[in-house]
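Asks: Provided herewith: target.cif, mmCIF, C-alpha atoms and all ligand atoms.
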```cif
data_my_file
loop_
_atom_site.label_atom_id
_atom_site.label_comp_id
_atom_site.auth_asym_id
_atom_site.auth_seq_id
_atom_site.Cartn_x
_atom_site.Cartn_y
_atom_site.Cartn_z
CA MET A 1 93.02 112.47 44.76
CA ALA A 2 90.05 110.15 44.13
CA GLN A 3 86.75 111.02 45.81
CA LEU A 4 86.55 109.09 49.05
CA ASP A 5 83.75 108.95 51.56
CA THR A 6 84.35 109.68 55.24
CA ARG A 7 84.64 106.02 56.15
CA GLN A 8 87.30 105.39 53.48
CA LYS A 9 89.21 108.46 54.62
CA LEU A 10 88.98 107.27 58.21
CA GLU A 11 90.44 103.89 57.22
CA ILE A 12 93.43 105.54 55.54
CA LEU A 13 94.03 108.34 58.02
CA ALA A 14 93.60 106.25 61.15
CA ASP A 15 96.00 103.65 59.74
CA ALA A 16 98.53 106.37 58.85
CA ALA A 17 98.34 107.74 62.41
CA LYS A 18 99.32 104.45 64.04
CA TYR A 19 103.03 105.21 63.54
CA ASP A 20 102.80 108.01 66.06
CA ALA A 21 103.51 106.71 69.58
CA SER A 22 102.91 109.92 71.46
CA CYS A 23 99.28 109.29 72.22
CA ALA A 24 98.74 109.40 75.95
CA SER A 25 97.13 111.87 78.22
CA SER A 26 98.79 111.86 81.60
CA GLY A 27 98.24 115.01 83.57
CA SER A 28 95.05 116.15 81.93
CA VAL A 29 92.62 118.29 83.84
CA LYS A 30 88.99 117.36 83.45
CA ARG A 31 86.98 120.03 81.68
CA THR A 32 83.79 120.60 83.57
CA SER A 33 80.64 121.82 81.93
CA ARG A 34 79.36 124.58 84.16
CA ASP A 35 77.08 125.99 81.50
CA GLY A 36 75.52 122.61 80.87
CA LYS A 37 76.43 122.79 77.20
CA GLY A 38 79.21 120.23 77.30
CA ILE A 39 78.81 116.78 75.91
CA GLY A 40 80.53 113.66 76.71
CA SER A 41 83.31 108.75 77.27
CA THR A 42 84.99 104.75 75.98
CA ASP A 43 85.38 101.72 73.73
CA GLY A 44 87.20 100.60 70.66
CA GLY A 45 86.81 100.98 66.93
CA MET A 46 88.62 102.18 63.82
CA GLY A 47 91.11 104.93 64.69
CA ILE A 48 90.68 104.57 68.42
CA CYS A 49 93.77 104.25 70.54
CA HIS A 50 93.86 103.40 74.20
CA ALA A 51 96.24 105.44 76.25
CA TYR A 52 97.08 104.92 79.90
CA ALA A 53 97.64 107.69 82.35
CA PRO A 54 100.18 107.09 85.15
CA ASP A 55 97.32 106.51 87.58
CA GLY A 56 96.27 103.52 85.44
CA ARG A 57 93.19 105.19 84.00
CA CYS A 58 92.58 104.07 80.46
CA ILE A 59 91.32 106.67 78.06
CA SER A 60 90.29 106.24 74.46
CA LEU A 61 91.19 108.77 71.81
CA LEU A 62 90.22 109.08 68.19
CA LYS A 63 93.73 109.06 66.68
CA ILE A 64 93.84 110.33 63.15
CA LEU A 65 95.71 112.48 60.68
CA LEU A 66 94.08 115.43 59.00
CA THR A 67 95.85 114.25 55.86
CA ASN A 68 98.59 111.77 54.99
CA SER A 69 99.75 113.92 52.07
CA CYS A 70 102.98 115.75 52.74
CA ILE A 71 105.33 118.10 50.96
CA PHE A 72 108.26 116.86 53.07
CA ASP A 73 110.23 113.74 52.38
CA CYS A 74 111.43 112.40 55.73
CA HIS A 75 113.01 109.05 54.94
CA TYR A 76 111.51 107.13 57.86
CA CYS A 77 107.93 108.26 57.26
CA ILE A 78 105.33 106.30 55.35
CA ASN A 79 103.55 109.54 54.45
CA ARG A 80 106.56 111.23 52.88
CA LYS A 81 106.17 112.89 49.50
CA SER A 82 107.86 110.07 47.57
CA SER A 83 105.97 107.28 49.31
CA ASN A 84 103.59 105.25 47.19
CA VAL A 85 100.57 105.12 49.49
CA ARG A 86 96.88 105.92 49.09
CA ARG A 87 96.33 109.51 50.11
CA ALA A 88 93.34 111.05 51.79
CA ARG A 89 92.43 114.33 53.41
CA PHE A 90 89.72 115.26 55.85
CA THR A 91 88.12 118.66 55.86
CA THR A 92 88.24 120.35 59.23
CA ASP A 93 84.48 119.93 59.55
CA GLU A 94 84.74 116.18 58.88
CA VAL A 95 87.19 115.80 61.78
CA VAL A 96 84.95 117.87 64.02
CA GLN A 97 81.84 115.86 63.14
CA LEU A 98 83.63 112.51 63.48
CA THR A 99 84.98 113.47 66.89
CA LEU A 100 81.56 114.59 68.08
CA ALA A 101 79.86 111.48 66.73
CA PHE A 102 82.36 109.14 68.41
CA TYR A 103 82.22 111.14 71.61
CA ARG A 104 78.42 111.13 71.77
CA ARG A 105 78.45 107.36 71.40
CA ASN A 106 80.97 107.08 74.23
CA TYR A 107 83.54 105.49 71.92
CA ILE A 108 86.16 108.06 72.85
CA GLU A 109 87.12 110.58 75.48
CA GLY A 110 89.07 112.80 73.13
CA LEU A 111 90.96 113.45 69.95
CA PHE A 112 94.60 113.01 68.96
CA LEU A 113 95.18 114.95 65.77
CA SER A 114 98.32 115.09 63.67
CA SER A 115 98.88 115.80 59.99
CA GLY A 116 101.20 115.65 57.05
CA ILE A 117 102.16 119.10 55.75
CA ILE A 118 100.05 120.36 52.87
CA ARG A 119 100.87 123.56 50.94
CA SER A 120 102.81 125.04 53.84
CA SER A 121 103.38 124.60 57.54
CA ASP A 122 101.18 127.62 58.32
CA TYR A 123 98.33 126.43 56.09
CA THR A 124 98.37 123.02 57.78
CA MET A 125 98.67 124.44 61.27
CA GLU A 126 95.73 126.77 60.63
CA ARG A 127 93.57 123.74 59.82
CA ILE A 128 94.68 121.81 62.88
CA VAL A 129 93.88 124.82 65.06
CA GLU A 130 90.53 125.30 63.34
CA VAL A 131 89.47 121.75 64.27
CA ALA A 132 90.27 122.36 67.93
CA ARG A 133 88.74 125.84 67.93
CA SER A 134 85.51 124.63 66.37
CA LEU A 135 85.24 121.73 68.81
CA ARG A 136 85.75 123.98 71.82
CA GLU A 137 83.94 127.15 70.77
CA ASP A 138 81.24 126.05 68.33
CA HIS A 139 80.41 122.71 69.96
CA HIS A 140 81.48 123.23 73.57
CA PHE A 141 83.51 120.03 73.44
CA ARG A 142 84.91 119.21 76.88
CA GLY A 143 86.84 116.09 75.92
CA TYR A 144 90.59 115.73 75.76
CA ILE A 145 92.44 117.18 72.77
CA HIS A 146 96.05 116.35 71.93
CA LEU A 147 97.42 118.28 68.95
CA LYS A 148 100.64 117.51 67.15
CA THR A 149 102.05 120.84 66.06
CA ILE A 150 104.37 121.81 63.26
CA PRO A 151 107.54 123.49 64.49
CA ASP A 152 107.99 125.49 61.26
CA ALA A 153 104.57 127.11 61.60
CA ASP A 154 104.06 130.70 62.74
CA PRO A 155 104.53 130.76 66.55
CA ALA A 156 101.22 132.63 66.85
CA LEU A 157 99.44 129.63 65.29
CA VAL A 158 101.24 127.18 67.56
CA HIS A 159 100.16 129.37 70.47
CA GLN A 160 96.55 129.21 69.28
CA ALA A 161 96.79 125.41 69.36
CA GLY A 162 97.81 125.56 73.01
CA LEU A 163 94.75 127.63 73.89
CA HIS A 164 92.39 124.86 72.73
CA ALA A 165 94.37 121.67 73.36
CA ASP A 166 95.01 119.82 76.61
CA ARG A 167 98.33 118.57 75.36
CA ILE A 168 100.66 119.76 72.64
CA SER A 169 103.45 117.73 71.15
CA ILE A 170 106.31 118.62 68.88
CA ASN A 171 108.39 115.68 67.71
CA VAL A 172 112.17 115.89 67.93
CA GLU A 173 112.04 112.89 65.58
CA LEU A 174 115.61 111.62 66.02
CA PRO A 175 117.98 111.51 68.96
CA THR A 176 120.85 113.29 67.24
CA VAL A 177 121.18 116.37 65.04
CA ALA A 178 123.22 114.31 62.56
CA GLY A 179 120.40 111.75 62.35
CA LEU A 180 117.83 114.48 61.76
CA LYS A 181 119.95 116.05 59.01
CA ARG A 182 120.38 112.72 57.28
CA LEU A 183 116.86 111.34 57.58
CA ALA A 184 114.71 114.49 57.71
CA PRO A 185 116.76 117.10 55.84
CA GLU A 186 113.86 119.56 55.56
CA LYS A 187 113.52 119.73 59.33
CA SER A 188 115.71 121.79 61.59
CA ALA A 189 116.73 120.89 65.12
CA GLY A 190 116.95 124.61 65.90
CA ARG A 191 113.36 125.28 64.80
CA ILE A 192 112.05 122.25 66.68
CA GLU A 193 113.78 123.35 69.87
CA GLY A 194 112.68 126.95 69.33
CA ALA A 195 109.04 125.81 69.13
CA MET A 196 109.45 123.68 72.25
CA THR A 197 110.96 126.63 74.12
CA GLY A 198 108.03 128.84 73.07
CA MET A 199 105.61 126.18 74.27
CA LYS A 200 107.37 125.80 77.62
CA THR A 201 107.31 129.56 78.20
CA ALA A 202 103.62 129.83 77.33
CA ILE A 203 102.72 126.90 79.61
CA LEU A 204 104.65 128.38 82.54
CA ASP A 205 103.33 131.92 81.98
CA THR A 206 99.75 130.71 81.79
CA ALA A 207 100.05 128.51 84.86
CA ASP A 208 101.46 131.53 86.69
CA ALA A 209 98.71 133.83 85.45
CA ARG A 210 96.00 131.34 86.48
CA LYS A 211 97.34 131.32 90.02
CA ARG A 212 96.58 135.03 90.18
CA TYR A 213 93.53 135.34 87.91
CA LYS A 214 91.04 132.54 87.64
CA SER A 215 89.82 134.04 84.37
CA ALA A 216 93.25 133.71 82.66
CA PRO A 217 92.98 131.41 79.63
CA ARG A 218 94.06 127.81 79.91
CA PHE A 219 97.06 126.77 77.88
CA ALA A 220 97.92 123.11 77.25
CA PRO A 221 97.15 122.10 80.87
CA ALA A 222 98.45 118.57 80.23
CA GLY A 223 101.77 120.03 79.08
CA GLN A 224 103.90 119.13 76.09
CA SER A 225 105.43 115.87 74.97
CA THR A 226 107.67 114.62 72.19
CA GLN A 227 108.59 111.46 70.33
CA MET A 228 111.90 109.98 69.20
CA ILE A 229 112.28 107.28 66.61
CA VAL A 230 114.54 104.48 67.78
CA GLY A 231 116.65 102.34 65.49
CA ALA A 232 116.45 104.37 62.28
CA ASP A 233 119.87 105.94 62.79
CA ALA A 234 123.09 105.00 64.54
CA ALA A 235 122.22 106.58 67.91
CA THR A 236 122.96 104.30 70.84
CA ASP A 237 120.74 103.81 73.87
CA GLY A 238 123.21 106.01 75.75
CA ASP A 239 122.65 108.82 73.20
CA ILE A 240 118.88 108.41 73.52
CA VAL A 241 118.89 108.41 77.33
CA ARG A 242 121.04 111.55 77.43
CA LYS A 243 118.85 113.27 74.83
CA ALA A 244 115.65 112.39 76.71
CA SER A 245 117.06 113.70 79.95
CA ALA A 246 118.10 116.98 78.31
CA LEU A 247 114.61 117.33 76.80
CA TYR A 248 112.93 116.86 80.19
CA ASP A 249 115.26 119.41 81.77
CA ARG A 250 115.21 122.06 79.06
CA PHE A 251 111.60 121.98 77.97
CA GLY A 252 109.72 120.74 81.01
CA LEU A 253 108.21 117.86 79.01
CA ARG A 254 105.57 115.62 80.53
CA ARG A 255 106.63 112.66 78.45
CA VAL A 256 109.20 111.53 75.92
CA TYR A 257 107.87 108.68 73.77
CA TYR A 258 110.11 106.17 72.06
CA SER A 259 108.94 104.64 68.84
CA ALA A 260 110.84 101.66 67.43
CA PHE A 261 111.39 102.35 63.76
CA SER A 262 109.37 99.97 61.64
CA PRO A 263 110.34 99.31 58.04
CA ILE A 264 107.77 100.77 55.69
CA PRO A 265 106.73 99.77 52.16
CA ASP A 266 109.05 101.25 49.50
CA ALA A 267 111.51 102.20 52.21
CA SER A 268 114.29 104.62 51.41
CA ALA A 269 117.69 102.99 50.81
CA VAL A 270 119.26 105.00 53.64
CA LEU A 271 117.16 103.17 56.25
CA PRO A 272 118.02 99.95 58.02
CA LEU A 273 116.27 96.93 56.52
CA GLN A 274 115.14 95.56 59.86
CA ARG A 275 113.28 97.06 62.73
CA PRO A 276 115.10 97.13 66.08
CA PRO A 277 113.84 94.58 68.62
CA LEU A 278 110.69 95.85 70.33
CA MET A 279 112.45 95.01 73.58
CA ARG A 280 114.80 97.93 72.88
CA GLU A 281 111.90 100.35 72.95
CA HIS A 282 110.68 98.70 76.17
CA ARG A 283 114.12 99.06 77.82
CA LEU A 284 114.18 102.74 76.92
CA TYR A 285 110.79 103.27 78.54
CA GLN A 286 112.13 101.50 81.66
CA SER A 287 115.17 103.82 81.63
CA ASP A 288 112.85 106.78 81.32
CA TRP A 289 110.97 105.61 84.44
CA LEU A 290 114.22 105.14 86.33
CA MET A 291 115.08 108.79 85.71
CA ARG A 292 111.62 110.16 86.42
CA PHE A 293 110.45 108.06 89.37
CA TYR A 294 113.43 106.19 90.83
CA GLY A 295 115.99 108.95 91.21
CA TYR A 296 118.57 107.64 88.74
CA THR A 297 120.69 110.24 86.96
CA PRO A 298 121.10 109.91 83.18
CA GLY A 299 124.76 109.04 83.83
CA GLU A 300 123.73 106.15 86.07
CA VAL A 301 121.30 104.80 83.47
CA VAL A 302 123.94 105.09 80.76
CA ALA A 303 126.37 103.25 83.07
CA ALA A 304 123.99 100.27 82.96
CA ALA A 305 124.64 100.02 79.19
CA ASP A 306 127.38 97.96 77.62
CA ASP A 307 130.58 100.01 77.74
CA ALA A 308 131.66 99.05 74.22
CA THR A 309 128.36 99.46 72.35
CA GLY A 310 126.47 101.98 74.48
CA MET A 311 123.42 99.70 74.30
CA LEU A 312 121.29 98.58 77.23
CA PRO A 313 121.05 94.83 77.64
CA LEU A 314 117.90 93.32 76.16
CA ASP A 315 117.73 90.26 78.40
CA ILE A 316 117.51 92.15 81.69
CA ASP A 317 115.97 95.48 82.66
CA PRO A 318 118.24 98.51 83.18
CA LYS A 319 117.68 98.60 86.93
CA LEU A 320 118.87 95.02 87.28
CA ALA A 321 121.75 95.71 84.87
CA TRP A 322 122.83 98.63 87.06
CA ALA A 323 122.59 96.54 90.22
CA LEU A 324 124.70 93.76 88.71
CA LYS A 325 127.33 96.25 87.61
CA PHE A 326 127.42 98.17 90.87
CA ARG A 327 127.14 95.38 93.40
CA GLY A 328 128.98 97.46 96.01
CA SER A 329 125.70 99.40 96.56
CA PHE A 330 124.03 96.20 97.84
CA PRO A 331 122.68 94.46 99.82
CA VAL A 332 120.13 97.03 101.05
CA ASP A 333 118.55 96.53 104.48
CA VAL A 334 114.76 96.70 104.05
CA ASN A 335 114.34 97.52 107.74
CA ARG A 336 116.71 100.51 107.81
CA ALA A 337 117.54 101.85 104.34
CA PRO A 338 116.06 105.18 103.13
CA ARG A 339 113.51 105.23 100.33
CA GLU A 340 116.07 106.20 97.65
CA LEU A 341 118.17 103.09 98.37
CA LEU A 342 115.14 100.79 98.53
CA LEU A 343 114.15 102.07 95.08
CA ARG A 344 117.45 100.72 93.75
CA VAL A 345 116.63 97.13 94.66
CA PRO A 346 115.76 95.21 91.47
CA GLY A 347 112.15 94.08 91.58
CA LEU A 348 111.00 96.68 94.10
CA GLY A 349 108.69 99.22 92.52
CA THR A 350 107.53 102.52 93.97
CA LYS A 351 104.36 100.96 95.41
CA ALA A 352 106.27 98.12 97.08
CA VAL A 353 108.76 100.59 98.55
CA GLY A 354 105.88 102.67 99.90
CA ALA A 355 104.39 99.54 101.48
CA ILE A 356 107.75 98.59 103.05
CA LEU A 357 108.20 102.07 104.55
CA ALA A 358 104.69 101.97 106.00
CA ALA A 359 104.94 98.41 107.37
CA ARG A 360 108.35 98.75 109.00
CA ARG A 361 107.11 101.54 111.26
CA TRP A 362 105.35 98.80 113.26
CA ARG A 363 107.55 95.73 112.97
CA ARG A 364 110.71 94.24 111.48
CA LEU A 365 110.20 92.81 108.01
CA HIS A 366 111.11 89.25 107.05
CA LEU A 367 111.82 87.89 103.58
CA ALA A 368 108.30 86.49 103.36
CA ASP A 369 106.88 89.99 103.92
CA ILE A 370 108.86 91.30 100.95
CA ALA A 371 107.89 88.27 98.83
CA ARG A 372 104.24 89.24 99.22
CA LEU A 373 104.97 92.62 97.65
CA THR A 374 106.81 91.42 94.54
CA VAL A 375 106.40 89.13 91.57
CA SER A 376 109.65 87.21 92.10
CA ILE A 377 111.57 87.10 95.36
CA ALA A 378 114.37 85.19 93.55
CA LYS A 379 115.32 88.42 91.76
CA LEU A 380 115.46 90.41 94.98
CA ARG A 381 117.04 87.98 97.42
CA PRO A 382 120.67 88.63 96.46
CA PHE A 383 120.22 92.39 96.84
CA LEU A 384 118.52 92.81 100.21
CA ILE A 385 118.81 92.17 103.90
CA ALA A 386 115.72 91.28 105.92
CA ALA A 387 115.20 90.33 109.58
CA ASP A 388 115.78 86.66 108.74
CA TRP A 389 117.92 86.99 105.61
CA ARG A 390 121.39 88.16 104.64
CA PRO A 391 122.96 87.18 101.28
CA THR A 392 126.59 86.15 101.13
CA GLY A 393 129.31 86.68 98.55
CA LEU A 394 127.28 89.06 96.39
CA ALA A 395 130.29 90.80 94.89
CA ASP A 396 131.95 87.60 93.70
CA ARG A 397 129.05 85.46 92.56
CA LEU A 398 129.62 84.57 88.92
CA ASP A 399 126.24 82.85 88.63
CA LEU A 400 124.25 85.88 89.77
CA ARG A 401 123.15 87.13 86.36
CA PRO A 402 121.61 83.84 85.14
CA LEU A 403 120.07 83.45 88.58
CA VAL A 404 118.18 86.74 88.51
CA ALA A 405 117.61 87.22 84.75
CA PRO A 406 114.13 86.44 83.43
CA ARG A 407 113.69 83.26 81.43
CA ALA A 408 114.37 83.50 77.69
CA LYS A 409 110.77 82.52 76.87
CA GLN A 410 109.44 85.72 78.40
CA LEU A 411 111.80 87.76 76.28
CA GLU A 412 110.55 86.15 73.09
CA LEU A 413 107.33 88.07 73.54
CA PHE A 414 109.20 91.25 72.78
CA ALA A 415 111.67 89.95 70.19
S1 LIG B 501 106.80 116.13 57.84
FE1 LIG B 501 105.80 114.57 59.09
S2 LIG B 501 104.28 113.64 57.73
FE2 LIG B 501 105.69 114.79 56.44
S3 LIG B 501 107.21 113.28 55.77
FE3 LIG B 501 108.04 114.29 57.61
S4 LIG B 501 107.39 112.99 59.35
FE4 LIG B 501 106.13 112.43 57.54
#
```
How does this structure look as structure tokens?

Replies:
Amino acid sequence: MAQLDTRQKLEILADAAKYDASCASSGSVKRTSRDGKGIGSTDGGMGICHAYAPDGRCISLLKILLTNSCIFDCHYCINRKSSNVRRARFTTDEVVQLTLAFYRRNYIEGLFLSSGIIRSSDYTMERIVEVARSLREDHHFRGYIHLKTIPDADPALVHQAGLHADRISINVELPTVAGLKRLAPEKSAGRIEGAMTGMKTAILDTADARKRYKSAPRFAPAGQSTQMIVGADAATDGDIVRKASALYDRFGLRRVYYSAFSPIPDASAVLPLQRPPLMREHRLYQSDWLMRFYGYTPGEVVAAADDATGMLPLDIDPKLAWALKFRGSFPVDVNRAPRELLLRVPGLGTKAVGAILAARRWRRLHLADIARLTVSIAKLRPFLIAADWRPTGLADRLDLRPLVAPRAKQLELFA
């Protein structure tokens, strides 16, 4: 490997990290600096990613790889062993110093660190842990740390990572075991799930211990997350939705991230030549929200997909697709329906539903009241009843879909 200075390494290793989508920090707990030794917050620059928490807070993280060299050869990965890319490797101290320098200048609020595997999984994991340990213990770093861990590494090392990081993630990589075998043959679904189980247990045990003893050590207080690559194998949206739901249930994940596969230079012949539409990734995120915040079961989300292909429509969101398919559940009376039914109305988000529930305690709501809470009343009108409005012939209207679907121009943005 040619001698590179820190800036050249940063260029390579920040660019290599951009393929990882799982860079967000919802659920973090602010680290306070009681001893006055802490340092520490935001703007852009090389290697800085902006992540949004569910409360809308934007945080900036230095998002880099420790190295983009790897002994594995996952077909979809630009850093795989057989890939012809410029390689670079940071020392642990370089990552520590870069993080501190960016943090002191208020460029970032934390670090997202991942790595290719060098020498062995344990050797790499030791270095990832050492970065986090040094930041916390040697430099009293109170910022956010998100570590990507290696499922093959010694569980004791993975545990160490959780003691220093706010969030831990372990990528499941692909939605199906068959896809993983084909595209990442050196990885094992069993080992990945084993590591996620270990992480879940440690998070729960620590949270329990901290309820009883304030002095109990923290362990990944922002939980664990994972990432799935979309469009690199034959998995349908239905497969992906079911997999995501199982991951939330089994491992108590905070987030599942979906990353549309993007063709890479010198791509392996087993990969598709084209990336899936970005809109597909967007629809999967919407499905994810339906399951987490709108009370839809995975089966209901899958039912919104095309029966023949198992794919969610790209031209309309899954909530609207479900409403069009199950018209018998509508119209919903905004003055009487419970929250869970209001959440089913296309175009009504959780905030709008909250506002409706609060306002109707005092008076009956008219269509104009609802219009003030939404972007487009045209999308909602066929699905709701208001004091001065009742739609007719909902079940039979053949022109309903074009009437409520967004214009094609808007979709082009995501094509
Ligand atoms: S182990 Fe990670 S870095 Fe290495 S080839 Fe596979 S996905 Fe890429």

Asks: Considering all atoms listed in the file, state which residue in the set A:Asp152, A:Asp5, A:Glu126, A:Asp399 is at the smallest distance from ligand LIG 501 (chain B).

Replies: A:Asp152

Asks: Taking only C-alpha atoms and all ligand atoms into account, which residues are within 8 Å of ligand LIG 501 (chain B), as a PDB file with C-alpha atoms, in the coordinates of the input?

Replies:
```pdb
ATOM      1  CA  ASN A  68      98.590 111.770  54.990  1.00  0.00           C
ATOM      2  CA  SER A  69      99.750 113.920  52.070  1.00  0.00           C
ATOM      3  CA  CYS A  70     102.980 115.750  52.740  1.00  0.00           C
ATOM      4  CA  ILE A  71     105.330 118.100  50.960  1.00  0.00           C
ATOM      5  CA  PHE A  72     108.260 116.860  53.070  1.00  0.00           C
ATOM      6  CA  ASP A  73     110.230 113.740  52.380  1.00  0.00           C
ATOM      7  CA  CYS A  74     111.430 112.400  55.730  1.00  0.00           C
ATOM      8  CA  HIS A  75     113.010 109.050  54.940  1.00  0.00           C
ATOM      9  CA  TYR A  76     111.510 107.130  57.860  1.00  0.00           C
ATOM     10  CA  CYS A  77     107.930 108.260  57.260  1.00  0.00           C
ATOM     11  CA  ILE A  78     105.330 106.300  55.350  1.00  0.00           C
ATOM     12  CA  ASN A  79     103.550 109.540  54.450  1.00  0.00           C
ATOM     13  CA  ARG A  80     106.560 111.230  52.880  1.00  0.00           C
ATOM     14  CA  LYS A  81     106.170 112.890  49.500  1.00  0.00           C
ATOM     15  CA  SER A 115      98.880 115.800  59.990  1.00  0.00           C
ATOM     16  CA  GLY A 116     101.200 115.650  57.050  1.00  0.00           C
ATOM     17  CA  ILE A 117     102.160 119.100  55.750  1.00  0.00           C
ATOM     18  CA  GLU A 173     112.040 112.890  65.580  1.00  0.00           C
ATOM     19  CA  ALA A 184     114.710 114.490  57.710  1.00  0.00           C
ATOM     20  CA  LYS A 187     113.520 119.730  59.330  1.00  0.00           C
TER      21      LYS A 187
END
```

Asks: Enclose range 123-133 of chain A, meaning all of its atoms listed in the file, in a box aligned along x, y and z, pad it by 4 Å on each side, and list the centre and edge lengths in Å to one decimal, as JSON.

Replies:
```
{"center_x": 93.7, "center_y": 124.3, "center_z": 62.0, "size_x": 17.9, "size_y": 13.0, "size_z": 19.8}
```

Asks: Within 12 Å of range 269-279 of chain A, counting only C-alpha atoms, which residues qualify if same-chain residues fewer than 4 places away don't, as a VMD selection string?

Replies: chain A and resid 74 to 77 179 182 to 184 229 to 237 258 to 265 283 to 286 311 to 318 410 to 415

Asks: For Leu343 in chain A, which of A:Tyr248, A:Tyr103, A:Tyr213, A:Tyr294 is the closest residue, counting only C-alpha atoms?

Replies: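 Nearest to Leu343 in chain A: A:Tyr294.
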
Asks: Would you kindly return, as a ChimeraX atom specification, each protein, DNA or RNA residue with an atom no farther than 9 Å from any atom of Phe383 in chain A, considering all atoms listed in the file and excluding same-chain residues fewer than 2 positions away?

Replies: /A:323,327,329-333,345-346,379-381,385,390-391,394

Asks: What separation in Å, quoted to one decimal, exists between CA of Ile203 in chain A and CA of Ala132 in chain A?

Replies: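 Computed distance, CA of Ile203 in chain A to CA of Ala132 in chain A, equals 17.7 Å.
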
Asks: Pick out the closest residue to Gly310 in chain A from this set: A:Asp208, A:Glu281, A:Asp239, A:Glu109. Count only C-alpha atoms.

Replies: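 Using only C-alpha atoms, the shortest distance to Gly310 in chain A belongs to A:Asp239.
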
Asks: State, in Å with one decimal place, the distance from CA of Ala14 in chain A to CA of Val95 in chain A.

Replies: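 Taking CA of Ala14 in chain A as the start and CA of Val95 in chain A as the end point, the length is 11.5 Å.
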
Asks: Around the point (84.8, 117.6, 59.7), in the coordinates given by the file, pick out the residues reaching within 12 Å, counting all atoms listed in the file, and return them as a ChimeraX atom specification.

Replies: /A:5-6,9-10,66,89-101,127-128,130-132,134-135

Asks: Given the point (100.5, 126.4, 67.8) in the coordinates of this file, which residues lie within 9 Å, counting all atoms listed in the file, and how would they look as a PDB file with C-alpha atoms, in the frame of the given file?

Replies:
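Below is the file out-v9.pdb, written as the result:
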```pdb
ATOM      1  CA  MET A 125      98.670 124.440  61.270  1.00  0.00           C
ATOM      2  CA  GLU A 126      95.730 126.770  60.630  1.00  0.00           C
ATOM      3  CA  ILE A 128      94.680 121.810  62.880  1.00  0.00           C
ATOM      4  CA  VAL A 129      93.880 124.820  65.060  1.00  0.00           C
ATOM      5  CA  LEU A 147      97.420 118.280  68.950  1.00  0.00           C
ATOM      6  CA  LYS A 148     100.640 117.510  67.150  1.00  0.00           C
ATOM      7  CA  THR A 149     102.050 120.840  66.060  1.00  0.00           C
ATOM      8  CA  ILE A 150     104.370 121.810  63.260  1.00  0.00           C
ATOM      9  CA  PRO A 151     107.540 123.490  64.490  1.00  0.00           C
ATOM     10  CA  ALA A 153     104.570 127.110  61.600  1.00  0.00           C
ATOM     11  CA  ASP A 154     104.060 130.700  62.740  1.00  0.00           C
ATOM     12  CA  PRO A 155     104.530 130.760  66.550  1.00  0.00           C
ATOM     13  CA  ALA A 156     101.220 132.630  66.850  1.00  0.00           C
ATOM     14  CA  LEU A 157      99.440 129.630  65.290  1.00  0.00           C
ATOM     15  CA  VAL A 158     101.240 127.180  67.560  1.00  0.00           C
ATOM     16  CA  HIS A 159     100.160 129.370  70.470  1.00  0.00           C
ATOM     17  CA  GLN A 160      96.550 129.210  69.280  1.00  0.00           C
ATOM     18  CA  ALA A 161      96.790 125.410  69.360  1.00  0.00           C
ATOM     19  CA  GLY A 162      97.810 125.560  73.010  1.00  0.00           C
ATOM     20  CA  LEU A 163      94.750 127.630  73.890  1.00  0.00           C
ATOM     21  CA  ILE A 168     100.660 119.760  72.640  1.00  0.00           C
ATOM     22  CA  ALA A 195     109.040 125.810  69.130  1.00  0.00           C
ATOM     23  CA  MET A 199     105.610 126.180  74.270  1.00  0.00           C
TER      24      MET A 199
END
```

Asks: Closest to Ala352 in chain A among A:Leu365, A:Ile370, A:Val256, A:Ile12, using only C-alpha atoms?

Replies: A:Ile370

Asks: Report, in Å to a single decimal, how far apart CA of Met291 in chain A and CA of Ala305 in chain A are.

Replies: 14.5 Å
